[in-house]
$ cat entry_3.cif   # mmCIF, C-alpha atoms and all ligand atoms
data_structure
#
loop_
_atom_site.group_PDB
_atom_site.id
_atom_site.type_symbol
_atom_site.label_atom_id
_atom_site.label_comp_id
_atom_site.auth_asym_id
_atom_site.auth_seq_id
_atom_site.Cartn_x
_atom_site.Cartn_y
_atom_site.Cartn_z
ATOM 1 C CA MET A 1 13.100 4.485 19.943
ATOM 2 C CA LEU A 2 9.729 5.192 18.328
ATOM 3 C CA ILE A 3 11.053 8.512 16.987
ATOM 4 C CA ILE A 4 14.137 6.799 15.549
ATOM 5 C CA VAL A 5 11.921 4.203 13.801
ATOM 6 C CA PHE A 6 9.716 7.033 12.458
ATOM 7 C CA ILE A 7 12.757 8.868 11.048
ATOM 8 C CA LEU A 8 14.038 5.595 9.553
ATOM 9 C CA GLY A 9 10.605 5.276 7.901
ATOM 10 C CA LEU A 10 10.888 8.804 6.446
ATOM 11 C CA ILE A 11 14.277 7.951 4.922
ATOM 12 C CA ILE A 12 13.065 4.592 3.550
ATOM 13 C CA GLY A 13 9.979 6.409 2.223
ATOM 14 C CA SER A 14 12.161 8.766 0.234
ATOM 15 C CA PHE A 15 13.900 5.709 -1.272
ATOM 16 C CA LEU A 16 10.478 4.154 -2.055
ATOM 17 C CA ASN A 17 9.628 7.299 -4.081
ATOM 18 C CA VAL A 18 12.676 6.572 -6.224
ATOM 19 C CA VAL A 19 11.607 2.922 -6.647
ATOM 20 C CA ILE A 20 8.043 3.944 -7.636
ATOM 21 C CA LEU A 21 9.234 6.514 -10.191
ATOM 22 C CA ARG A 22 12.072 4.484 -11.723
ATOM 23 C CA TYR A 23 10.606 0.956 -11.730
ATOM 24 C CA ASN A 24 10.186 -0.327 -15.280
ATOM 25 C CA THR A 25 11.629 2.855 -16.801
ATOM 26 C CA GLY A 26 15.086 1.448 -17.458
ATOM 27 C CA ARG A 27 16.639 3.868 -14.964
ATOM 28 C CA SER A 28 18.743 2.345 -12.202
ATOM 29 C CA LEU A 29 18.014 2.971 -8.527
ATOM 30 C CA GLY A 30 21.467 4.533 -8.129
ATOM 31 C CA GLY A 31 22.476 8.000 -9.296
ATOM 32 C CA ARG A 32 21.546 11.415 -7.953
ATOM 33 C CA SER A 33 17.976 12.659 -8.028
ATOM 34 C CA GLY A 34 17.254 15.705 -10.140
ATOM 35 C CA CYS A 35 14.390 18.062 -10.913
ATOM 36 C CA PHE A 36 12.083 16.640 -13.590
ATOM 37 C CA SER A 37 11.638 20.059 -15.204
ATOM 38 C CA CYS A 38 15.089 21.647 -15.270
ATOM 39 C CA GLY A 39 17.295 18.635 -14.502
ATOM 40 C CA LYS A 40 19.006 20.431 -11.603
ATOM 41 C CA VAL A 41 20.857 17.856 -9.470
ATOM 42 C CA LEU A 42 19.553 18.032 -5.914
ATOM 43 C CA HIS A 43 21.870 18.727 -2.960
ATOM 44 C CA TRP A 44 21.605 16.709 0.250
ATOM 45 C CA TYR A 45 19.672 19.519 1.964
ATOM 46 C CA GLU A 46 17.087 19.414 -0.831
ATOM 47 C CA LEU A 47 16.565 15.679 -0.261
ATOM 48 C CA LEU A 48 15.549 15.747 3.406
ATOM 49 C CA PRO A 49 12.291 13.787 3.688
ATOM 50 C CA VAL A 50 9.182 16.002 4.117
ATOM 51 C CA ILE A 51 11.288 18.926 5.488
ATOM 52 C CA SER A 52 12.806 19.977 2.149
ATOM 53 C CA PHE A 53 9.360 19.948 0.542
ATOM 54 C CA LEU A 54 7.901 22.177 3.271
ATOM 55 C CA VAL A 55 10.889 24.566 3.409
ATOM 56 C CA GLN A 56 10.867 25.002 -0.387
ATOM 57 C CA GLY A 57 7.071 25.406 -0.432
ATOM 58 C CA GLY A 58 6.729 22.425 -2.768
ATOM 59 C CA LYS A 59 8.816 24.071 -5.502
ATOM 60 C CA CYS A 60 12.140 23.362 -7.202
ATOM 61 C CA ARG A 61 14.830 25.823 -6.039
ATOM 62 C CA GLY A 62 16.255 25.957 -9.554
ATOM 63 C CA CYS A 63 13.276 26.596 -11.806
ATOM 64 C CA GLY A 64 10.357 27.094 -9.404
ATOM 65 C CA SER A 65 8.272 24.295 -10.940
ATOM 66 C CA LYS A 66 5.955 22.406 -8.613
ATOM 67 C CA VAL A 67 7.158 19.254 -6.878
ATOM 68 C CA SER A 68 4.604 16.425 -6.599
ATOM 69 C CA TRP A 69 2.774 15.943 -3.288
ATOM 70 C CA GLN A 70 3.553 12.250 -3.737
ATOM 71 C CA TYR A 71 7.050 12.796 -2.270
ATOM 72 C CA PRO A 72 6.165 14.091 1.216
ATOM 73 C CA LEU A 73 2.993 11.931 1.405
ATOM 74 C CA VAL A 74 4.862 8.682 0.694
ATOM 75 C CA GLU A 75 7.637 9.675 3.113
ATOM 76 C CA PHE A 76 5.237 10.600 5.899
ATOM 77 C CA ALA A 77 3.028 7.515 5.363
ATOM 78 C CA THR A 78 6.073 5.225 5.497
ATOM 79 C CA GLY A 79 7.328 6.907 8.681
ATOM 80 C CA LEU A 80 3.896 6.537 10.287
ATOM 81 C CA LEU A 81 3.595 2.875 9.239
ATOM 82 C CA PHE A 82 7.079 2.087 10.573
ATOM 83 C CA ALA A 83 6.210 3.650 13.957
ATOM 84 C CA LEU A 84 2.885 1.747 14.060
ATOM 85 C CA VAL A 85 4.490 -1.603 13.149
ATOM 86 C CA TYR A 86 7.167 -1.080 15.774
ATOM 87 C CA SER A 87 4.734 -0.144 18.543
ATOM 88 C CA VAL A 88 2.344 -3.034 17.743
ATOM 89 C CA PHE A 89 4.959 -5.778 17.301
ATOM 90 C CA ALA A 90 7.608 -4.551 19.778
ATOM 91 C CA SER A 91 7.224 -7.725 21.845
ATOM 92 C CA ALA A 92 7.096 -10.066 18.829
ATOM 93 C CA GLY A 93 10.873 -10.060 18.310
ATOM 94 C CA GLY A 94 13.294 -8.477 15.859
ATOM 95 C CA ILE A 95 12.755 -10.842 12.930
ATOM 96 C CA LEU A 96 8.987 -10.345 12.777
ATOM 97 C CA ILE A 97 9.369 -6.558 13.185
ATOM 98 C CA ALA A 98 11.864 -6.491 10.298
ATOM 99 C CA LEU A 99 9.537 -8.662 8.205
ATOM 100 C CA TYR A 100 6.554 -6.355 8.766
ATOM 101 C CA LEU A 101 8.659 -3.233 8.072
ATOM 102 C CA ILE A 102 9.612 -4.742 4.700
ATOM 103 C CA VAL A 103 5.959 -5.657 4.072
ATOM 104 C CA ALA A 104 4.845 -2.102 4.930
ATOM 105 C CA SER A 105 7.419 -0.643 2.498
ATOM 106 C CA LEU A 106 6.341 -3.042 -0.239
ATOM 107 C CA LEU A 107 2.667 -2.149 0.243
ATOM 108 C CA VAL A 108 3.414 1.588 0.030
ATOM 109 C CA VAL A 109 5.096 0.950 -3.331
ATOM 110 C CA ILE A 110 2.213 -1.252 -4.595
ATOM 111 C CA THR A 111 -0.433 1.301 -3.511
ATOM 112 C CA VAL A 112 1.180 4.312 -5.167
ATOM 113 C CA TYR A 113 2.216 2.333 -8.249
ATOM 114 C CA ASP A 114 -1.361 1.054 -8.688
ATOM 115 C CA LEU A 115 -2.786 4.582 -8.261
ATOM 116 C CA ARG A 116 -0.362 5.923 -10.882
ATOM 117 C CA HIS A 117 -0.433 3.093 -13.429
ATOM 118 C CA LYS A 118 -3.540 1.000 -12.541
ATOM 119 C CA ILE A 119 -1.390 -2.127 -12.488
ATOM 120 C CA ILE A 120 0.410 -4.134 -9.813
ATOM 121 C CA PRO A 121 3.813 -5.340 -11.035
ATOM 122 C CA ASP A 122 4.248 -9.124 -10.551
ATOM 123 C CA LEU A 123 7.648 -8.656 -8.932
ATOM 124 C CA PHE A 124 6.110 -6.696 -6.040
ATOM 125 C CA VAL A 125 3.094 -8.956 -5.463
ATOM 126 C CA PHE A 126 5.150 -12.168 -5.669
ATOM 127 C CA LEU A 127 7.527 -10.730 -3.090
ATOM 128 C CA PHE A 128 4.494 -10.007 -0.882
ATOM 129 C CA ILE A 129 3.285 -13.640 -1.277
ATOM 130 C CA PHE A 130 6.778 -14.963 -0.518
ATOM 131 C CA LEU A 131 6.971 -12.864 2.685
ATOM 132 C CA GLY A 132 3.524 -14.172 3.671
ATOM 133 C CA LEU A 133 4.819 -17.746 3.448
ATOM 134 C CA LEU A 134 8.009 -16.758 5.267
ATOM 135 C CA GLN A 135 5.986 -15.375 8.187
ATOM 136 C CA ALA A 136 4.791 -18.926 9.060
ATOM 137 C CA PHE A 137 8.359 -19.868 10.025
ATOM 138 C CA PHE A 138 8.677 -17.079 12.595
ATOM 139 C CA LEU A 139 5.258 -17.149 14.282
ATOM 140 C CA PRO A 140 5.122 -18.662 17.769
ATOM 141 C CA GLY A 141 3.663 -22.164 18.073
ATOM 142 C CA SER A 142 3.949 -25.336 16.007
ATOM 143 C CA LEU A 143 5.520 -24.839 12.564
ATOM 144 C CA LEU A 144 3.277 -27.406 10.891
ATOM 145 C CA VAL A 145 0.091 -25.821 12.272
ATOM 146 C CA ASN A 146 1.324 -22.360 11.253
ATOM 147 C CA ILE A 147 2.114 -23.451 7.686
ATOM 148 C CA GLU A 148 -1.290 -25.101 7.341
ATOM 149 C CA ALA A 149 -3.140 -22.020 8.697
ATOM 150 C CA THR A 150 -1.077 -19.770 6.417
ATOM 151 C CA ILE A 151 -1.870 -21.686 3.231
ATOM 152 C CA ILE A 152 -5.576 -22.175 4.043
ATOM 153 C CA GLY A 153 -5.859 -18.468 4.930
ATOM 154 C CA GLY A 154 -4.294 -17.464 1.605
ATOM 155 C CA LEU A 155 -6.495 -19.706 -0.534
ATOM 156 C CA ALA A 156 -9.709 -18.817 1.359
ATOM 157 C CA THR A 157 -9.051 -15.071 1.005
ATOM 158 C CA ALA A 158 -8.113 -15.290 -2.673
ATOM 159 C CA LEU A 159 -11.088 -17.484 -3.634
ATOM 160 C CA PRO A 160 -13.911 -14.845 -3.502
ATOM 161 C CA LEU A 161 -11.879 -12.413 -5.619
ATOM 162 C CA PHE A 162 -10.857 -15.203 -7.995
ATOM 163 C CA LEU A 163 -14.549 -16.040 -8.544
ATOM 164 C CA LEU A 164 -15.429 -12.349 -9.145
ATOM 165 C CA TRP A 165 -12.515 -12.120 -11.558
ATOM 166 C CA ALA A 166 -13.569 -15.322 -13.393
ATOM 167 C CA VAL A 167 -17.304 -14.436 -13.578
ATOM 168 C CA SER A 168 -16.608 -10.916 -14.891
ATOM 169 C CA ARG A 169 -13.725 -12.103 -17.109
ATOM 170 C CA GLY A 170 -11.479 -9.546 -15.461
ATOM 171 C CA ARG A 171 -13.824 -6.565 -15.881
ATOM 172 C CA TRP A 172 -14.632 -5.995 -12.186
ATOM 173 C CA LEU A 173 -11.122 -6.449 -10.901
ATOM 174 C CA GLY A 174 -7.700 -7.430 -12.160
ATOM 175 C CA PHE A 175 -5.859 -10.678 -11.539
ATOM 176 C CA GLY A 176 -3.306 -8.615 -9.631
ATOM 177 C CA ASP A 177 -6.016 -8.057 -6.992
ATOM 178 C CA VAL A 178 -6.522 -11.840 -6.703
ATOM 179 C CA LYS A 179 -2.781 -12.367 -6.144
ATOM 180 C CA LEU A 180 -2.754 -9.549 -3.605
ATOM 181 C CA ALA A 181 -5.640 -11.178 -1.689
ATOM 182 C CA LEU A 182 -3.693 -14.463 -1.652
ATOM 183 C CA GLY A 183 -0.795 -12.695 0.062
ATOM 184 C CA MET A 184 -3.150 -10.953 2.517
ATOM 185 C CA GLY A 185 -4.683 -14.275 3.560
ATOM 186 C CA LEU A 186 -1.251 -15.861 4.037
ATOM 187 C CA PHE A 187 -0.453 -13.167 6.600
ATOM 188 C CA LEU A 188 -3.862 -12.914 8.268
ATOM 189 C CA GLY A 189 -5.326 -16.436 8.257
ATOM 190 C CA VAL A 190 -8.902 -17.323 7.275
ATOM 191 C CA ARG A 191 -10.939 -15.202 9.724
ATOM 192 C CA ASN A 192 -9.026 -11.939 9.521
ATOM 193 C CA GLY A 193 -8.303 -12.523 5.826
ATOM 194 C CA LEU A 194 -11.999 -12.752 4.895
ATOM 195 C CA SER A 195 -12.796 -9.921 7.290
ATOM 196 C CA SER A 196 -10.248 -7.654 5.584
ATOM 197 C CA LEU A 197 -11.844 -8.471 2.205
ATOM 198 C CA MET A 198 -15.235 -7.370 3.533
ATOM 199 C CA LEU A 199 -13.709 -4.194 4.938
ATOM 200 C CA ALA A 200 -12.079 -3.473 1.557
ATOM 201 C CA PHE A 201 -15.464 -3.717 -0.214
ATOM 202 C CA TRP A 202 -17.069 -1.373 2.324
ATOM 203 C CA LEU A 203 -14.249 1.163 2.038
ATOM 204 C CA GLY A 204 -14.401 0.906 -1.741
ATOM 205 C CA ALA A 205 -18.172 1.488 -1.730
ATOM 206 C CA ILE A 206 -17.966 4.452 0.673
ATOM 207 C CA ILE A 207 -15.107 6.168 -1.172
ATOM 208 C CA GLY A 208 -16.676 5.322 -4.539
ATOM 209 C CA VAL A 209 -19.999 6.937 -3.603
ATOM 210 C CA ALA A 210 -18.168 9.932 -2.094
ATOM 211 C CA LEU A 211 -16.121 10.468 -5.274
ATOM 212 C CA ILE A 212 -19.320 10.469 -7.345
ATOM 213 C CA THR A 213 -21.579 12.561 -5.079
ATOM 214 C CA ILE A 214 -19.315 15.170 -3.469
ATOM 215 C CA PRO A 215 -18.316 16.887 -6.761
ATOM 216 C CA LYS A 216 -22.044 16.878 -7.710
ATOM 217 C CA LEU A 217 -22.984 18.492 -4.395
ATOM 218 C CA LEU A 218 -20.295 21.124 -4.949
ATOM 219 C CA LYS A 219 -21.707 21.600 -8.472
ATOM 220 C CA LYS A 220 -18.325 21.016 -9.975
ATOM 221 C CA LYS A 221 -18.360 19.476 -13.381
ATOM 222 C CA LYS A 222 -14.888 18.624 -14.542
ATOM 223 C CA LYS A 223 -13.455 16.435 -17.224
ATOM 224 C CA GLY A 224 -12.381 13.133 -15.701
ATOM 225 C CA ALA A 225 -14.909 13.402 -12.849
ATOM 226 C CA TYR A 226 -15.957 10.100 -11.325
ATOM 227 C CA HIS A 227 -19.243 8.487 -12.361
ATOM 228 C CA MET A 228 -20.894 5.076 -11.925
ATOM 229 C CA LYS A 229 -18.820 3.452 -14.640
ATOM 230 C CA SER A 230 -15.458 4.856 -13.538
ATOM 231 C CA GLU A 231 -12.872 2.264 -12.660
ATOM 232 C CA LEU A 232 -11.465 2.739 -9.194
ATOM 233 C CA PRO A 233 -8.275 0.759 -8.503
ATOM 234 C CA PHE A 234 -9.164 -1.824 -5.863
ATOM 235 C CA ALA A 235 -5.662 -2.634 -4.582
ATOM 236 C CA PRO A 236 -5.350 0.493 -2.367
ATOM 237 C CA PHE A 237 -8.564 -0.527 -0.533
ATOM 238 C CA LEU A 238 -7.312 -4.086 -0.112
ATOM 239 C CA ILE A 239 -4.018 -2.793 1.268
ATOM 240 C CA VAL A 240 -5.563 -0.306 3.711
ATOM 241 C CA SER A 241 -7.910 -3.041 4.984
ATOM 242 C CA PHE A 242 -4.998 -5.468 5.271
ATOM 243 C CA LEU A 243 -2.977 -2.997 7.344
ATOM 244 C CA ILE A 244 -5.958 -2.269 9.611
ATOM 245 C CA SER A 245 -6.462 -6.015 10.142
ATOM 246 C CA LEU A 246 -2.757 -6.706 10.725
ATOM 247 C CA LEU A 247 -2.003 -3.753 12.995
ATOM 248 C CA LEU A 248 -5.253 -3.582 14.972
ATOM 249 C CA ASN A 249 -6.101 -7.313 14.751
ATOM 250 C CA PHE A 250 -9.387 -5.906 13.427
ATOM 251 C CA ASN A 251 -12.137 -8.330 12.512
ATOM 252 C CA VAL A 252 -15.533 -7.141 11.212
ATOM 253 C CA ILE A 253 -17.119 -10.372 12.453
ATOM 254 C CA ASN A 254 -16.135 -9.388 16.009
ATOM 255 C CA VAL A 255 -17.726 -5.960 15.505
ATOM 256 C CA PHE A 256 -21.099 -7.653 15.011
ATOM 257 C CA LEU A 257 -20.633 -10.148 17.841
ATOM 258 C CA PHE A 258 -19.243 -7.993 20.622
HETATM 259 ZN ZN ZN B 1 13.701 22.551 -11.477
#
$ encode --input "entry_3.cif" --output "structure tokens" --more "lines below"
Ligand SMILES: [Zn+2]
Amino acid sequence: MLIIVFILGLIIGSFLNVVILRYNTGRSLGGRSGCFSCGKVLHWYELLPVISFLVQGGKCRGCGSKVSWQYPLVEFATGLLFALVYSVFASAGGILIALYLIVASLLVVITVYDLRHKIIPDLFVFLFIFLGLLQAFFLPGSLLVNIEATIIGGLATALPLFLLWAVSRGRWLGFGDVKLALGMGLFLGVRNGLSSLMLAFWLGAIIGVALITIPKLLKKKKKGAYHMKSELPFAPFLIVSFLISLLLNFNVINVFLF
């Protein structure tokens, strides 16, 4: 079953690539995929997730131009996330599993879109917030208690980022990050919500320092190299921390108290 869910994830991942590339471009999600360089329409055997990329050595069979690593990475990441969600929530029931599979897909799209365009489209983040509210109706226990915990979790997690956004007038982070944190808190509740925020800052700091120092250590000086004033999109760190908290029930507060 786990292998089937993984393969389903690969196939969904290949659809997510289409969503990421065509969203806001005026192109519909239907229609055959083609090579960006030569326009060659791809056959079914050139559209197999991950496999086609590896078999063709990352090149178009028509013109030999390079195919972006984004394709196999997004496909593989989605497959892995699907398998993780399924193995963690197998006993939680079909509706919650389906909900978290949709959430995982949505977060893959938001992450890659933010890395490419440095913006989180409202449509995606509002859908995330809506699914966070929806989760309250399917959690075990009293509905009223669940709804209350959901809303308090969302507001408590969004508040620190909202304050940072307000104080810096949007220079330190974007309002999209605040909305994303609201959705995270709806899913995670207060404790794990705040914990995932902390984790996101740590990850951001570690990766940020690494991006600045490693090229210096390697004595590589390139245009577009990272420095102290570079803007690093924050959403990918929020999303990775959210997934760690959701899938591993990870809480940094517990790490200090164990
Ligand atoms: Zn081509």
$ resolve_selection --input "entry_3.cif" --expression "the PyMOL selection byres (((chain A and resi 43-47) around 10) and not hetatm)" --output "PyMOL selection string"
chain A and resi 11+14+32-34+40-42+48-53+55-56+60-61
$ write_last_selection --input "entry_3.cif" --atoms "C-alpha atoms" --output "short mmCIF file (atom, residue, chain, number, x, y, z; two decimals), in the coordinates of the input"
data_model
loop_
_atom_site.label_atom_id
_atom_site.label_comp_id
_atom_site.auth_asym_id
_atom_site.auth_seq_id
_atom_site.Cartn_x
_atom_site.Cartn_y
_atom_site.Cartn_z
CA ILE A 11 14.28 7.95 4.92
CA SER A 14 12.16 8.77 0.23
CA ARG A 32 21.55 11.42 -7.95
CA SER A 33 17.98 12.66 -8.03
CA GLY A 34 17.25 15.70 -10.14
CA LYS A 40 19.01 20.43 -11.60
CA VAL A 41 20.86 17.86 -9.47
CA LEU A 42 19.55 18.03 -5.91
CA LEU A 48 15.55 15.75 3.41
CA PRO A 49 12.29 13.79 3.69
CA VAL A 50 9.18 16.00 4.12
CA ILE A 51 11.29 18.93 5.49
CA SER A 52 12.81 19.98 2.15
CA PHE A 53 9.36 19.95 0.54
CA VAL A 55 10.89 24.57 3.41
CA GLN A 56 10.87 25.00 -0.39
CA CYS A 60 12.14 23.36 -7.20
CA ARG A 61 14.83 25.82 -6.04
#
$ axis_aligned_box --input "entry_3.cif" --around "stretch 242-254 of chain A" --padding-each-side "8 Å" --output "AutoDock Vina command-line options"
--center_x -9.6 --center_y -6.3 --center_z 10.6 --size_x 31.1 --size_y 24.1 --size_z 26.7
$ residues_around --input "entry_3.cif" --residues "A:Thr157" --least-positions-apart "4" --cutoff "8 Å" --atoms "all atoms listed in the file" --output "JSON list (two decimals) with C-alpha atoms, in the coordinates of the input"
[["chain", "number", "residue", "atom", "x", "y", "z"],
["A", 153, "GLY", "CA", -5.86, -18.47, 4.93],
["A", 161, "LEU", "CA", -11.88, -12.41, -5.62],
["A", 181, "ALA", "CA", -5.64, -11.18, -1.69],
["A", 182, "LEU", "CA", -3.69, -14.46, -1.65],
["A", 184, "MET", "CA", -3.15, -10.95, 2.52],
["A", 185, "GLY", "CA", -4.68, -14.28, 3.56],
["A", 190, "VAL", "CA", -8.90, -17.32, 7.28],
["A", 193, "GLY", "CA", -8.30, -12.52, 5.83],
["A", 194, "LEU", "CA", -12.00, -12.75, 4.89],
["A", 197, "LEU", "CA", -11.84, -8.47, 2.20]]
$ resolve_selection --input "entry_3.cif" --expression "the PyMOL selection byres (((chain A and resi 79) around 6) and not hetatm)" --output "VMD selection string"
chain A and resid 6 9 to 10 76 to 78 80 to 82
$ resolve_selection --input "entry_3.cif" --expression "the PyMOL selection byres (((not hetatm)) within 8 of (chain B and resi 1))" --output "number ranges by chain"
A: 34-40, 59-65
$ write_last_selection --input "entry_3.cif" --atoms "C-alpha atoms" --output "tab-separated table (two decimals), in the coordinates of the input"
chain	number	residue	atom	x	y	z
A	34	GLY	CA	17.25	15.70	-10.14
A	35	CYS	CA	14.39	18.06	-10.91
A	36	PHE	CA	12.08	16.64	-13.59
A	37	SER	CA	11.64	20.06	-15.20
A	38	CYS	CA	15.09	21.65	-15.27
A	39	GLY	CA	17.30	18.64	-14.50
A	40	LYS	CA	19.01	20.43	-11.60
A	59	LYS	CA	8.82	24.07	-5.50
A	60	CYS	CA	12.14	23.36	-7.20
A	61	ARG	CA	14.83	25.82	-6.04
A	62	GLY	CA	16.26	25.96	-9.55
A	63	CYS	CA	13.28	26.60	-11.81
A	64	GLY	CA	10.36	27.09	-9.40
A	65	SER	CA	8.27	24.30	-10.94
$ closest_atom_pairs --input "entry_3.cif" --of "stretch 155-230 of chain A" --to "stretch 243-250 of chain A" --cutoff "7 Å" --atoms "only C-alpha atoms" --output "tab-separated table"
residue	atom	partner	partner_atom	distance
A:Leu188	CA	A:Leu246	CA	6.8
A:Asn192	CA	A:Ser245	CA	6.5
A:Ser196	CA	A:Ser245	CA	6.1
$ atom_distance --input "entry_3.cif" --atom1 "atom CA of A:Ile206" --atom2 "atom CA of A:Val252"
15.9 Å
$ decode --input "entry_3.cif" --residues "stretch 103-166 of chain A" --atoms "C-alpha atoms" --output "CSV table (one decimal), in the first residue's frame"
chain,number,residue,atom,x,y,z
A,103,VAL,CA,-2.3,19.9,2.2
A,104,ALA,CA,1.0,18.3,1.3
A,105,SER,CA,0.4,18.9,-2.4
A,106,LEU,CA,-0.6,22.5,-1.7
A,107,LEU,CA,2.6,23.1,0.3
A,108,VAL,CA,4.8,21.7,-2.4
A,109,VAL,CA,3.2,24.2,-4.8
A,110,ILE,CA,3.6,27.1,-2.4
A,111,THR,CA,7.3,26.2,-1.6
A,112,VAL,CA,8.4,26.0,-5.2
A,113,TYR,CA,6.3,29.0,-6.3
A,114,ASP,CA,7.8,31.1,-3.6
A,115,LEU,CA,11.3,30.0,-4.5
A,116,ARG,CA,10.7,30.9,-8.1
A,117,HIS,CA,8.7,34.1,-7.8
A,118,LYS,CA,9.3,35.2,-4.1
A,119,ILE,CA,5.5,35.5,-3.7
A,120,ILE,CA,2.8,33.3,-2.3
A,121,PRO,CA,-0.4,33.5,-4.4
A,122,ASP,CA,-3.4,34.3,-2.2
A,123,LEU,CA,-5.4,31.5,-3.8
A,124,PHE,CA,-3.0,28.9,-2.5
A,125,VAL,CA,-2.6,30.3,1.0
A,126,PHE,CA,-6.4,30.9,1.5
A,127,LEU,CA,-7.0,27.3,0.5
A,128,PHE,CA,-4.4,26.2,3.1
A,129,ILE,CA,-6.3,28.3,5.8
A,130,PHE,CA,-9.6,26.9,4.7
A,131,LEU,CA,-8.3,23.3,5.0
A,132,GLY,CA,-6.9,24.2,8.5
A,133,LEU,CA,-10.4,25.2,9.6
A,134,LEU,CA,-11.9,22.1,7.9
A,135,GLN,CA,-9.5,19.8,9.9
A,136,ALA,CA,-11.3,20.8,13.2
A,137,PHE,CA,-14.5,19.0,11.9
A,138,PHE,CA,-12.7,15.7,11.5
A,139,LEU,CA,-10.4,15.5,14.5
A,140,PRO,CA,-11.5,13.1,17.3
A,141,GLY,CA,-13.1,14.7,20.4
A,142,SER,CA,-15.6,17.5,21.0
A,143,LEU,CA,-16.2,19.7,17.9
A,144,LEU,CA,-16.6,22.9,20.0
A,145,VAL,CA,-13.3,22.3,21.8
A,146,ASN,CA,-11.5,21.4,18.5
A,147,ILE,CA,-12.8,24.6,16.8
A,148,GLU,CA,-11.7,26.7,19.7
A,149,ALA,CA,-8.2,25.2,19.8
A,150,THR,CA,-7.9,25.5,16.0
A,151,ILE,CA,-8.7,29.3,16.0
A,152,ILE,CA,-6.6,30.1,19.1
A,153,GLY,CA,-3.7,28.1,17.6
A,154,GLY,CA,-4.0,30.0,14.3
A,155,LEU,CA,-4.1,33.5,15.9
A,156,ALA,CA,-1.3,32.7,18.4
A,157,THR,CA,1.0,31.4,15.6
A,158,ALA,CA,0.3,34.3,13.2
A,159,LEU,CA,0.7,37.0,15.9
A,160,PRO,CA,4.6,37.0,16.3
A,161,LEU,CA,5.0,37.2,12.5
A,162,PHE,CA,2.3,39.8,12.2
A,163,LEU,CA,4.2,42.0,14.8
A,164,LEU,CA,7.5,41.5,12.9
A,165,TRP,CA,5.8,42.4,9.7
A,166,ALA,CA,4.2,45.5,11.2
